[in-house]
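Note: the block below is final03.tsv and it holds TSV, C-alpha atoms and all ligand atoms.
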chain	number	residue	atom	x	y	z
A	1	MET	CA	-10.76	-2.90	22.36
A	2	THR	CA	-7.93	-5.38	22.56
A	3	ALA	CA	-6.46	-7.29	19.61
A	4	LYS	CA	-8.07	-10.45	20.96
A	5	GLU	CA	-11.51	-8.81	21.05
A	6	LEU	CA	-11.07	-7.43	17.54
A	7	ARG	CA	-10.09	-10.83	16.11
A	8	GLN	CA	-13.08	-12.49	17.79
A	9	LYS	CA	-15.53	-9.80	16.70
A	10	TYR	CA	-14.33	-9.98	13.11
A	11	LEU	CA	-14.40	-13.76	12.81
A	12	SER	CA	-17.86	-14.05	14.38
A	13	TYR	CA	-19.26	-11.24	12.21
A	14	PHE	CA	-18.22	-13.11	9.06
A	15	GLU	CA	-19.12	-16.49	10.49
A	16	ASN	CA	-22.64	-15.10	10.89
A	17	LYS	CA	-22.53	-14.17	7.20
A	18	GLY	CA	-21.89	-17.81	6.25
A	19	HIS	CA	-18.06	-17.82	6.29
A	20	LYS	CA	-16.02	-20.73	7.62
A	21	ILE	CA	-13.12	-19.78	9.91
A	22	ILE	CA	-9.81	-21.16	8.62
A	23	PRO	CA	-6.48	-21.05	10.50
A	24	SER	CA	-3.52	-18.87	9.59
A	25	ALA	CA	-1.17	-20.60	7.17
A	26	SER	CA	2.60	-20.71	7.61
A	27	LEU	CA	4.68	-17.58	7.04
A	28	VAL	CA	6.67	-19.65	4.55
A	29	PRO	CA	4.36	-20.24	1.61
A	30	GLU	CA	3.58	-23.83	0.72
A	31	HIS	CA	1.70	-23.24	-2.53
A	32	ASP	CA	3.10	-20.00	-3.90
A	33	PRO	CA	6.62	-20.06	-5.34
A	34	THR	CA	6.41	-16.37	-6.37
A	35	VAL	CA	7.19	-15.03	-2.86
A	36	LEU	CA	9.64	-15.91	-0.10
A	37	PHE	CA	7.18	-15.11	2.69
A	38	THR	CA	3.42	-14.96	3.05
A	39	THR	CA	2.87	-11.24	2.51
A	40	ALA	CA	-0.94	-11.40	2.49
A	41	GLY	CA	-3.80	-13.79	3.09
A	42	MET	CA	-4.06	-14.55	-0.61
A	43	HIS	CA	-0.85	-16.55	-0.94
A	44	PRO	CA	-2.05	-19.70	0.84
A	45	LEU	CA	-5.31	-19.45	-1.12
A	46	VAL	CA	-3.93	-19.06	-4.67
A	47	PRO	CA	-5.12	-22.48	-5.92
A	48	TYR	CA	-8.65	-21.64	-4.74
A	49	LEU	CA	-8.59	-18.15	-6.25
A	50	LEU	CA	-7.72	-19.87	-9.52
A	51	GLY	CA	-10.77	-22.14	-9.26
A	52	GLN	CA	-9.87	-25.25	-7.24
A	53	ASP	CA	-12.62	-26.17	-4.75
A	54	HIS	CA	-11.72	-25.27	-1.16
A	55	PRO	CA	-12.74	-28.03	1.30
A	56	GLN	CA	-14.43	-25.44	3.56
A	57	GLY	CA	-16.52	-23.86	0.81
A	58	LYS	CA	-16.71	-20.54	-1.02
A	59	ARG	CA	-16.87	-18.15	1.96
A	60	LEU	CA	-13.87	-18.12	4.29
A	61	THR	CA	-12.55	-15.86	7.01
A	62	ASN	CA	-9.17	-15.84	8.74
A	63	VAL	CA	-6.43	-14.03	10.64
A	64	GLN	CA	-3.30	-14.51	8.58
A	65	LYS	CA	0.22	-13.83	9.84
A	66	CYS	CA	2.06	-11.74	7.23
A	67	LEU	CA	5.59	-10.57	6.65
A	68	ARG	CA	5.73	-7.75	4.17
A	69	THR	CA	8.80	-5.97	2.87
A	70	ASP	CA	7.60	-4.51	-0.44
A	71	ASP	CA	6.75	-1.29	1.42
A	72	ILE	CA	9.92	-1.36	3.53
A	73	GLU	CA	10.56	2.35	2.88
A	74	ASP	CA	7.36	3.15	4.79
A	75	VAL	CA	8.23	0.99	7.80
A	76	GLY	CA	9.25	3.28	10.63
A	77	ASP	CA	6.45	5.75	10.06
A	78	ASN	CA	3.53	5.61	12.49
A	79	TRP	CA	1.47	2.91	10.79
A	80	HIS	CA	3.57	0.41	8.79
A	81	ASN	CA	4.90	-2.91	10.09
A	82	THR	CA	6.96	-5.69	8.55
A	83	PHE	CA	5.23	-8.46	10.55
A	84	PHE	CA	1.53	-8.08	11.19
A	85	GLU	CA	-1.69	-10.03	11.32
A	86	MET	CA	-4.35	-9.49	8.70
A	87	LEU	CA	-8.05	-10.10	9.12
A	88	GLY	CA	-9.68	-11.27	5.92
A	89	ASN	CA	-12.94	-12.41	4.43
A	90	TRP	CA	-12.97	-14.32	1.18
A	91	SER	CA	-15.41	-14.99	-1.58
A	92	LEU	CA	-14.11	-17.72	-3.85
A	93	GLY	CA	-16.16	-17.04	-6.96
A	94	GLU	CA	-19.29	-16.22	-5.00
A	95	TYR	CA	-20.41	-12.83	-3.55
A	96	TRP	CA	-19.07	-9.68	-5.13
A	97	LYS	CA	-18.70	-5.92	-4.61
A	98	GLU	CA	-22.13	-5.09	-3.19
A	99	GLU	CA	-21.86	-7.57	-0.30
A	100	ALA	CA	-18.15	-7.02	0.34
A	101	ILE	CA	-18.37	-3.22	0.57
A	102	THR	CA	-21.65	-3.18	2.49
A	103	TRP	CA	-20.31	-5.62	5.09
A	104	SER	CA	-17.04	-3.69	5.42
A	105	PHE	CA	-18.93	-0.49	6.08
A	106	GLU	CA	-21.35	-2.15	8.48
A	107	PHE	CA	-18.50	-3.79	10.42
A	108	LEU	CA	-16.56	-0.53	10.72
A	109	THR	CA	-19.47	1.66	11.75
A	110	LYS	CA	-21.85	-0.68	13.59
A	111	GLU	CA	-19.57	-3.35	15.09
A	112	LEU	CA	-16.51	-1.20	15.76
A	113	GLY	CA	-18.42	2.05	16.18
A	114	LEU	CA	-16.26	4.22	13.92
A	115	ASP	CA	-17.79	7.55	12.95
A	116	PRO	CA	-18.88	7.24	9.28
A	117	ASN	CA	-18.07	10.93	8.79
A	118	ARG	CA	-14.39	10.16	9.42
A	119	ILE	CA	-14.21	7.46	6.76
A	120	SER	CA	-12.92	8.23	3.26
A	121	VAL	CA	-12.50	5.69	0.49
A	122	THR	CA	-10.46	5.22	-2.65
A	123	VAL	CA	-11.45	3.22	-5.73
A	124	PHE	CA	-9.62	2.20	-8.89
A	125	GLY	CA	-9.80	5.15	-11.29
A	126	GLY	CA	-8.14	3.49	-14.30
A	127	ASP	CA	-4.47	3.47	-15.26
A	128	PRO	CA	-2.63	3.58	-18.61
A	129	GLU	CA	-0.61	0.52	-17.55
A	130	ILE	CA	-3.82	-1.56	-17.45
A	131	ASP	CA	-5.85	0.07	-20.20
A	132	SER	CA	-8.21	-2.87	-20.50
A	133	VAL	CA	-9.71	-2.13	-17.06
A	134	GLY	CA	-11.72	1.05	-16.60
A	135	VAL	CA	-12.83	3.11	-13.61
A	136	ASP	CA	-14.53	1.01	-10.92
A	137	GLU	CA	-17.87	2.83	-11.20
A	138	GLU	CA	-19.67	-0.04	-9.52
A	139	SER	CA	-17.81	0.55	-6.24
A	140	VAL	CA	-18.41	4.31	-6.47
A	141	VAL	CA	-22.15	3.71	-6.74
A	142	ILE	CA	-22.13	1.34	-3.75
A	143	TRP	CA	-20.18	3.77	-1.56
A	144	LYS	CA	-22.55	6.59	-2.45
A	145	LYS	CA	-25.52	4.40	-1.59
A	146	LEU	CA	-23.95	3.78	1.82
A	147	GLY	CA	-23.75	7.54	2.37
A	148	ILE	CA	-20.12	8.37	1.55
A	149	PRO	CA	-20.23	11.72	-0.28
A	150	ASP	CA	-18.41	12.40	-3.57
A	151	GLU	CA	-15.72	14.49	-1.89
A	152	ARG	CA	-14.66	11.52	0.24
A	153	ILE	CA	-14.49	9.06	-2.70
A	154	TYR	CA	-11.11	9.32	-4.43
A	155	GLN	CA	-10.41	7.67	-7.78
A	156	LEU	CA	-6.74	6.69	-7.97
A	157	GLY	CA	-4.52	4.68	-10.29
A	158	LYS	CA	-2.68	1.38	-10.10
A	159	ALA	CA	-0.14	2.45	-7.48
A	160	ASP	CA	-2.93	3.06	-4.96
A	161	ASN	CA	-5.88	0.93	-6.01
A	162	TRP	CA	-4.64	-2.19	-7.69
A	163	TRP	CA	-3.62	-5.10	-5.52
A	164	GLY	CA	-1.10	-7.70	-6.56
A	165	PRO	CA	0.47	-9.78	-7.67
A	166	VAL	CA	3.32	-9.41	-5.19
A	167	GLY	CA	5.59	-11.58	-7.32
A	168	ASP	CA	5.75	-11.33	-11.15
A	169	SER	CA	2.55	-13.22	-11.85
A	170	GLY	CA	-0.66	-14.35	-10.19
A	171	PRO	CA	-4.17	-13.28	-9.17
A	172	CYS	CA	-4.77	-9.54	-8.76
A	173	GLY	CA	-7.38	-6.87	-9.27
A	174	PRO	CA	-8.69	-3.41	-8.51
A	175	ASP	CA	-9.42	-2.59	-4.90
A	176	THR	CA	-11.29	-0.12	-2.77
A	177	GLU	CA	-9.55	1.07	0.38
A	178	MET	CA	-11.02	2.59	3.51
A	179	PHE	CA	-9.24	5.33	5.45
A	180	TYR	CA	-9.85	6.81	8.86
A	181	ASP	CA	-9.33	10.50	9.48
A	182	THR	CA	-7.08	10.62	12.53
A	183	GLY	CA	-8.04	14.24	13.15
A	184	LYS	CA	-4.50	15.50	12.60
A	185	ALA	CA	-4.18	18.84	10.84
A	186	GLU	CA	-3.49	18.64	7.11
A	187	HIS	CA	0.05	19.39	6.14
A	188	GLY	CA	2.26	18.88	3.12
A	189	GLN	CA	1.37	19.68	-0.46
A	190	VAL	CA	-1.12	16.88	-1.02
A	191	CYS	CA	-2.93	15.50	1.98
A	192	ARG	CA	-5.41	12.83	0.98
A	193	PRO	CA	-5.95	9.11	1.54
A	194	GLY	CA	-2.95	7.27	0.15
A	195	GLU	CA	-0.51	10.15	0.84
A	196	SER	CA	1.81	9.98	3.81
A	197	CYS	CA	0.73	13.27	5.40
A	198	GLY	CA	-0.38	11.46	8.56
A	199	LYS	CA	-4.00	12.60	8.55
A	200	TYR	CA	-5.51	9.49	6.95
A	201	THR	CA	-4.66	5.94	7.88
A	202	GLU	CA	-5.71	2.99	5.75
A	203	ILE	CA	-7.81	0.58	7.77
A	204	TRP	CA	-9.20	-1.92	5.25
A	205	ASN	CA	-8.81	-3.01	1.69
A	206	ASP	CA	-11.39	-4.89	-0.37
A	207	VAL	CA	-9.70	-6.43	-3.39
A	208	PHE	CA	-11.81	-7.55	-6.34
A	209	MET	CA	-9.58	-10.28	-7.60
A	210	GLU	CA	-10.86	-11.12	-11.04
A	211	TYR	CA	-7.61	-10.91	-13.03
A	212	ASN	CA	-4.46	-12.91	-13.40
A	213	ARG	CA	-1.20	-11.26	-14.44
A	214	ASN	CA	0.60	-13.80	-16.60
A	215	LYS	CA	4.36	-14.22	-17.02
A	216	ASP	CA	4.32	-11.85	-20.04
A	217	GLY	CA	2.81	-9.11	-17.89
A	218	LYS	CA	-0.63	-9.36	-19.51
A	219	TYR	CA	-3.83	-9.20	-17.47
A	220	GLU	CA	-6.35	-11.94	-18.19
A	221	LYS	CA	-9.74	-12.56	-16.61
A	222	LEU	CA	-9.73	-15.37	-14.05
A	223	ALA	CA	-12.29	-18.14	-14.41
A	224	GLN	CA	-14.09	-16.73	-11.33
A	225	ARG	CA	-14.51	-13.40	-9.53
A	226	ASN	CA	-13.03	-13.44	-6.00
A	227	VAL	CA	-13.15	-11.04	-3.08
A	228	ASP	CA	-10.06	-10.75	-0.87
A	229	THR	CA	-10.21	-8.24	1.96
A	230	GLY	CA	-7.46	-7.25	4.35
A	231	MET	CA	-7.53	-5.35	7.64
A	232	GLY	CA	-4.36	-4.99	9.70
A	233	VAL	CA	-5.00	-6.05	13.31
A	234	GLU	CA	-2.33	-3.85	14.91
A	235	ARG	CA	-3.35	-0.80	12.90
A	236	MET	CA	-7.04	-1.15	13.61
A	237	VAL	CA	-6.44	-1.67	17.32
A	238	GLY	CA	-4.28	1.47	17.28
A	239	VAL	CA	-7.12	3.44	15.70
A	240	LEU	CA	-9.74	2.00	18.07
A	241	GLN	CA	-7.61	2.80	21.11
A	242	GLY	CA	-7.00	6.35	19.90
A	243	ARG	CA	-3.23	5.82	19.58
A	244	ASP	CA	-1.33	7.73	16.95
A	245	ASN	CA	0.95	4.87	15.99
A	246	VAL	CA	0.94	1.12	15.60
A	247	TYR	CA	3.79	0.44	18.03
A	248	ASP	CA	1.92	1.62	21.15
B	301	LIG	N1	-5.55	-8.66	1.20
B	301	LIG	C1	-5.33	-7.43	0.57
B	301	LIG	C2	-4.28	-6.63	1.21
B	301	LIG	O1	-3.23	-7.13	1.54
B	301	LIG	O2	-4.44	-5.46	1.38
Could I get this file's structure written as structure tokens?
Amino acid sequence: MTAKELRQKYLSYFENKGHKIIPSASLVPEHDPTVLFTTAGMHPLVPYLLGQDHPQGKRLTNVQKCLRTDDIEDVGDNWHNTFFEMLGNWSLGEYWKEEAITWSFEFLTKELGLDPNRISVTVFGGDPEIDSVGVDEESVVIWKKLGIPDERIYQLGKADNWWGPVGDSGPCGPDTEMFYDTGKAEHGQVCRPGESCGKYTEIWNDVFMEYNRNKDGKYEKLAQRNVDTGMGVERMVGVLQGRDNVYD
């Protein structure tokens, strides 16, 4: 599958689920003064995540150009880029975890044909830094219902399963990430999704953006619950073409 085919497949899948296709915004953010570059699809959408009505409605899908340097130490391994394109589907205060996770799984296994037995997931397992938010049991239940066994559902803390804000303040929330087992032999002391042992590569992230981190570092509930998902185009094409790195 080429990048072009993947983009088209993704956008039409979510268009069929009632999403409107919106164009990529500029790499230089227009609405978000907390970052120098658009590092994720959420930056151009911040006003709408905070509750402003989007002219295209509550379900959106896009391919956003991103430039990300917060994980610069990882760039140069097999799977991290600075510039990349990110496929996303958005619920602006509308559908929630059940739909988001079910559609992610269906897209990966039915539309892209990935073997469900090679998919592992991580969910937010709580973190002392955000003691007001507990384990994301709801996502665990949904993954189990979809057939992912306990041993492939990992509960991890903020460093792995909390997305945003990239700057000091803004919308954020727990996430559930999907990983593909590349088939490489395990090596290193800990080899699991989220560790850089090379066996598992992250292919998609569903963020449940229902919090705002304020300027004092406190987490407050947003007025609405949003879904923000992100799938790297180059990485997914690499996986689908059986490459072992994103550069090929
Ligand atoms: N949109 C969520 C992410 O960047 O992973």
| task | Could the residues that lie within 10 Å of ligand LIG 301 (chain B), counting all atoms listed in the file, be listed as a ChimeraX atom specification? | result | /A:39-43,64,66,68,86-90,161-164,166,172,175-177,202-209,227-232
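Among the candidates A:Gly183, A:Val233, A:Asp160, A:Gly57, the residue lying nearest to Lys9 in chain A is A:Val233 (atoms considered: all atoms listed in the file).
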| field | Selected residue of minimal separation from Gly18 in chain A among A:Glu94, A:Asp32, A:Glu5, A:Asp136, counting all atoms listed in the file | value | A:Glu94
| Of the candidates A:Asp168, A:Glu234, A:Asp71, A:Glu220, which shows the shortest atom-to-atom distance to Pro33 in chain A, using all atoms listed in the file? |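 Checking each candidate against Pro33 in chain A, we get A:Asp168 as the closest.
Compared by their closest atoms to Trp96 in chain A, and using all atoms listed in the file, the residues A:Val246, A:Val46, A:Ile142, A:Leu67 rank with A:Ile142 nearest.
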Exercise: residues within 12 Å of coordinate (-16.0, -19.3, -5.9), counting only C-alpha atoms, as a short mmCIF file (atom, residue, chain, number, x, y, z; two decimals) with C-alpha atoms, in the coordinates of the input:
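So the final result, stored in result.cif, reads:
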data_model
loop_
_atom_site.label_atom_id
_atom_site.label_comp_id
_atom_site.auth_asym_id
_atom_site.auth_seq_id
_atom_site.Cartn_x
_atom_site.Cartn_y
_atom_site.Cartn_z
CA LEU A 45 -5.31 -19.45 -1.12
CA PRO A 47 -5.12 -22.48 -5.92
CA TYR A 48 -8.65 -21.64 -4.74
CA LEU A 49 -8.59 -18.15 -6.25
CA LEU A 50 -7.72 -19.87 -9.52
CA GLY A 51 -10.77 -22.14 -9.26
CA GLN A 52 -9.87 -25.25 -7.24
CA ASP A 53 -12.62 -26.17 -4.75
CA HIS A 54 -11.72 -25.27 -1.16
CA PRO A 55 -12.74 -28.03 1.30
CA GLN A 56 -14.43 -25.44 3.56
CA GLY A 57 -16.52 -23.86 0.81
CA LYS A 58 -16.71 -20.54 -1.02
CA ARG A 59 -16.87 -18.15 1.96
CA LEU A 60 -13.87 -18.12 4.29
CA TRP A 90 -12.97 -14.32 1.18
CA SER A 91 -15.41 -14.99 -1.58
CA LEU A 92 -14.11 -17.72 -3.85
CA GLY A 93 -16.16 -17.04 -6.96
CA GLU A 94 -19.29 -16.22 -5.00
CA TYR A 95 -20.41 -12.83 -3.55
CA TRP A 96 -19.07 -9.68 -5.13
CA MET A 209 -9.58 -10.28 -7.60
CA GLU A 210 -10.86 -11.12 -11.04
CA LEU A 222 -9.73 -15.37 -14.05
CA ALA A 223 -12.29 -18.14 -14.41
CA GLN A 224 -14.09 -16.73 -11.33
CA ARG A 225 -14.51 -13.40 -9.53
CA ASN A 226 -13.03 -13.44 -6.00
CA VAL A 227 -13.15 -11.04 -3.08
CA ASP A 228 -10.06 -10.75 -0.87
#
| task | Determine the nearest neighbour of Leu240 in chain A from the options A:Ser24, A:Asp131, A:Tyr180, A:Trp143, counting all atoms listed in the file. | result | A:Tyr180
Who sits within 12 Å of range 189-193 of chain A, all atoms listed in the file, same chain under 4 positions skipped, as an mmCIF file with C-alpha atoms, in the frame of the given file:
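Once written, result05.cif looks like this:
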data_model
loop_
_atom_site.group_PDB
_atom_site.id
_atom_site.type_symbol
_atom_site.label_atom_id
_atom_site.label_comp_id
_atom_site.auth_asym_id
_atom_site.auth_seq_id
_atom_site.Cartn_x
_atom_site.Cartn_y
_atom_site.Cartn_z
ATOM 1 C CA ARG A 118 -14.390 10.160 9.420
ATOM 2 C CA ILE A 119 -14.210 7.460 6.760
ATOM 3 C CA SER A 120 -12.920 8.230 3.260
ATOM 4 C CA VAL A 121 -12.500 5.690 0.490
ATOM 5 C CA THR A 122 -10.460 5.220 -2.650
ATOM 6 C CA VAL A 123 -11.450 3.220 -5.730
ATOM 7 C CA GLU A 151 -15.720 14.490 -1.890
ATOM 8 C CA ARG A 152 -14.660 11.520 0.240
ATOM 9 C CA ILE A 153 -14.490 9.060 -2.700
ATOM 10 C CA TYR A 154 -11.110 9.320 -4.430
ATOM 11 C CA GLN A 155 -10.410 7.670 -7.780
ATOM 12 C CA LEU A 156 -6.740 6.690 -7.970
ATOM 13 C CA ASP A 160 -2.930 3.060 -4.960
ATOM 14 C CA ASN A 161 -5.880 0.930 -6.010
ATOM 15 C CA THR A 176 -11.290 -0.120 -2.770
ATOM 16 C CA GLU A 177 -9.550 1.070 0.380
ATOM 17 C CA MET A 178 -11.020 2.590 3.510
ATOM 18 C CA PHE A 179 -9.240 5.330 5.450
ATOM 19 C CA TYR A 180 -9.850 6.810 8.860
ATOM 20 C CA ASP A 181 -9.330 10.500 9.480
ATOM 21 C CA THR A 182 -7.080 10.620 12.530
ATOM 22 C CA LYS A 184 -4.500 15.500 12.600
ATOM 23 C CA ALA A 185 -4.180 18.840 10.840
ATOM 24 C CA CYS A 197 0.730 13.270 5.400
ATOM 25 C CA GLY A 198 -0.380 11.460 8.560
ATOM 26 C CA LYS A 199 -4.000 12.600 8.550
ATOM 27 C CA TYR A 200 -5.510 9.490 6.950
ATOM 28 C CA THR A 201 -4.660 5.940 7.880
ATOM 29 C CA GLU A 202 -5.710 2.990 5.750
ATOM 30 C CA ILE A 203 -7.810 0.580 7.770
#
| In Å, how far is it from CA of Ser104 in chain A to CA of Pro165 in chain A? |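 So the answer is 22.7 Å.
As for CA of Lys97 in chain A and CA of Val135 in chain A, they are spaced 14.0 Å apart.
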| note | Between CA of Leu146 in chain A and CA of Thr102 in chain A lies a distance of 7.4 Å
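Using all atoms listed in the file for every distance, the candidate list A:His31, A:Leu112, A:Phe107, A:Asn78 yields A:Leu112 as the residue closest to Val237 in chain A.
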Using the incomplete input, complete range 22-32 of chain A to the level of all heavy atoms; output as a PDB file, in the frame of the given file.
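What ended up in out_4.pdb:
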ATOM      1  N   ILE A  22     -10.961 -20.284   8.913  1.00  0.00           N
ATOM      2  CA  ILE A  22      -9.810 -21.160   8.620  1.00  0.00           C
ATOM      3  C   ILE A  22      -8.585 -20.623   9.367  1.00  0.00           C
ATOM      4  O   ILE A  22      -8.486 -19.422   9.631  1.00  0.00           O
ATOM      5  CB  ILE A  22      -9.529 -21.266   7.095  1.00  0.00           C
ATOM      6  CG1 ILE A  22      -9.285 -19.880   6.472  1.00  0.00           C
ATOM      7  CG2 ILE A  22     -10.665 -21.985   6.376  1.00  0.00           C
ATOM      8  CD1 ILE A  22      -8.690 -19.928   5.075  1.00  0.00           C
ATOM      9  N   PRO A  23      -7.648 -21.509   9.722  1.00  0.00           N
ATOM     10  CA  PRO A  23      -6.480 -21.050  10.500  1.00  0.00           C
ATOM     11  C   PRO A  23      -5.481 -20.287   9.635  1.00  0.00           C
ATOM     12  O   PRO A  23      -5.502 -20.398   8.409  1.00  0.00           O
ATOM     13  CB  PRO A  23      -5.863 -22.367  10.991  1.00  0.00           C
ATOM     14  CG  PRO A  23      -6.340 -23.412  10.045  1.00  0.00           C
ATOM     15  CD  PRO A  23      -7.657 -22.962   9.491  1.00  0.00           C
ATOM     16  N   SER A  24      -4.606 -19.546  10.306  1.00  0.00           N
ATOM     17  CA  SER A  24      -3.520 -18.870   9.590  1.00  0.00           C
ATOM     18  C   SER A  24      -2.596 -19.933   9.002  1.00  0.00           C
ATOM     19  O   SER A  24      -2.292 -20.937   9.645  1.00  0.00           O
ATOM     20  CB  SER A  24      -2.735 -17.996  10.561  1.00  0.00           C
ATOM     21  OG  SER A  24      -1.620 -17.414   9.909  1.00  0.00           O
ATOM     22  N   ALA A  25      -2.153 -19.701   7.777  1.00  0.00           N
ATOM     23  CA  ALA A  25      -1.170 -20.600   7.170  1.00  0.00           C
ATOM     24  C   ALA A  25       0.233 -20.180   7.614  1.00  0.00           C
ATOM     25  O   ALA A  25       0.415 -19.146   8.271  1.00  0.00           O
ATOM     26  CB  ALA A  25      -1.281 -20.540   5.649  1.00  0.00           C
ATOM     27  N   SER A  26       1.212 -20.992   7.256  1.00  0.00           N
ATOM     28  CA  SER A  26       2.600 -20.710   7.610  1.00  0.00           C
ATOM     29  C   SER A  26       3.094 -19.410   6.972  1.00  0.00           C
ATOM     30  O   SER A  26       2.625 -19.016   5.908  1.00  0.00           O
ATOM     31  CB  SER A  26       3.462 -21.883   7.106  1.00  0.00           C
ATOM     32  OG  SER A  26       4.813 -21.516   7.106  1.00  0.00           O
ATOM     33  N   LEU A  27       4.071 -18.787   7.634  1.00  0.00           N
ATOM     34  CA  LEU A  27       4.680 -17.580   7.040  1.00  0.00           C
ATOM     35  C   LEU A  27       5.527 -17.933   5.822  1.00  0.00           C
ATOM     36  O   LEU A  27       5.837 -17.088   5.013  1.00  0.00           O
ATOM     37  CB  LEU A  27       5.567 -16.884   8.072  1.00  0.00           C
ATOM     38  CG  LEU A  27       4.986 -15.770   8.922  1.00  0.00           C
ATOM     39  CD1 LEU A  27       6.091 -15.125   9.734  1.00  0.00           C
ATOM     40  CD2 LEU A  27       4.264 -14.719   8.101  1.00  0.00           C
ATOM     41  N   VAL A  28       5.923 -19.186   5.737  1.00  0.00           N
ATOM     42  CA  VAL A  28       6.670 -19.650   4.550  1.00  0.00           C
ATOM     43  C   VAL A  28       5.666 -20.318   3.628  1.00  0.00           C
ATOM     44  O   VAL A  28       5.065 -21.321   3.993  1.00  0.00           O
ATOM     45  CB  VAL A  28       7.791 -20.645   4.947  1.00  0.00           C
ATOM     46  CG1 VAL A  28       8.537 -21.132   3.708  1.00  0.00           C
ATOM     47  CG2 VAL A  28       8.747 -19.994   5.936  1.00  0.00           C
ATOM     48  N   PRO A  29       5.434 -19.729   2.456  1.00  0.00           N
ATOM     49  CA  PRO A  29       4.360 -20.240   1.610  1.00  0.00           C
ATOM     50  C   PRO A  29       4.573 -21.677   1.152  1.00  0.00           C
ATOM     51  O   PRO A  29       5.688 -22.063   0.800  1.00  0.00           O
ATOM     52  CB  PRO A  29       4.395 -19.306   0.387  1.00  0.00           C
ATOM     53  CG  PRO A  29       5.262 -18.176   0.749  1.00  0.00           C
ATOM     54  CD  PRO A  29       6.152 -18.604   1.864  1.00  0.00           C
ATOM     55  N   GLU A  30       3.494 -22.441   1.185  1.00  0.00           N
ATOM     56  CA  GLU A  30       3.580 -23.830   0.720  1.00  0.00           C
ATOM     57  C   GLU A  30       3.179 -23.958  -0.737  1.00  0.00           C
ATOM     58  O   GLU A  30       3.592 -24.868  -1.429  1.00  0.00           O
ATOM     59  CB  GLU A  30       2.633 -24.702   1.554  1.00  0.00           C
ATOM     60  CG  GLU A  30       3.134 -24.970   2.949  1.00  0.00           C
ATOM     61  CD  GLU A  30       2.098 -25.764   3.724  1.00  0.00           C
ATOM     62  OE1 GLU A  30       1.835 -26.904   3.347  1.00  0.00           O
ATOM     63  OE2 GLU A  30       1.558 -25.214   4.704  1.00  0.00           O
ATOM     64  N   HIS A  31       2.269 -23.065  -1.186  1.00  0.00           N
ATOM     65  CA  HIS A  31       1.700 -23.240  -2.530  1.00  0.00           C
ATOM     66  C   HIS A  31       2.134 -22.163  -3.499  1.00  0.00           C
ATOM     67  O   HIS A  31       1.717 -22.177  -4.633  1.00  0.00           O
ATOM     68  CB  HIS A  31       0.167 -23.184  -2.468  1.00  0.00           C
ATOM     69  CG  HIS A  31      -0.444 -24.236  -1.600  1.00  0.00           C
ATOM     70  ND1 HIS A  31      -0.297 -25.572  -1.851  1.00  0.00           N
ATOM     71  CD2 HIS A  31      -1.199 -24.133  -0.474  1.00  0.00           C
ATOM     72  CE1 HIS A  31      -0.942 -26.256  -0.917  1.00  0.00           C
ATOM     73  NE2 HIS A  31      -1.479 -25.410  -0.075  1.00  0.00           N
ATOM     74  N   ASP A  32       2.844 -21.147  -3.026  1.00  0.00           N
ATOM     75  CA  ASP A  32       3.100 -20.000  -3.900  1.00  0.00           C
ATOM     76  C   ASP A  32       4.592 -19.757  -4.044  1.00  0.00           C
ATOM     77  O   ASP A  32       5.235 -19.166  -3.178  1.00  0.00           O
ATOM     78  CB  ASP A  32       2.407 -18.757  -3.312  1.00  0.00           C
ATOM     79  CG  ASP A  32       2.407 -17.612  -4.301  1.00  0.00           C
ATOM     80  OD1 ASP A  32       3.261 -17.610  -5.216  1.00  0.00           O
ATOM     81  OD2 ASP A  32       1.566 -16.702  -4.170  1.00  0.00           O
TER      82      ASP A  32
END
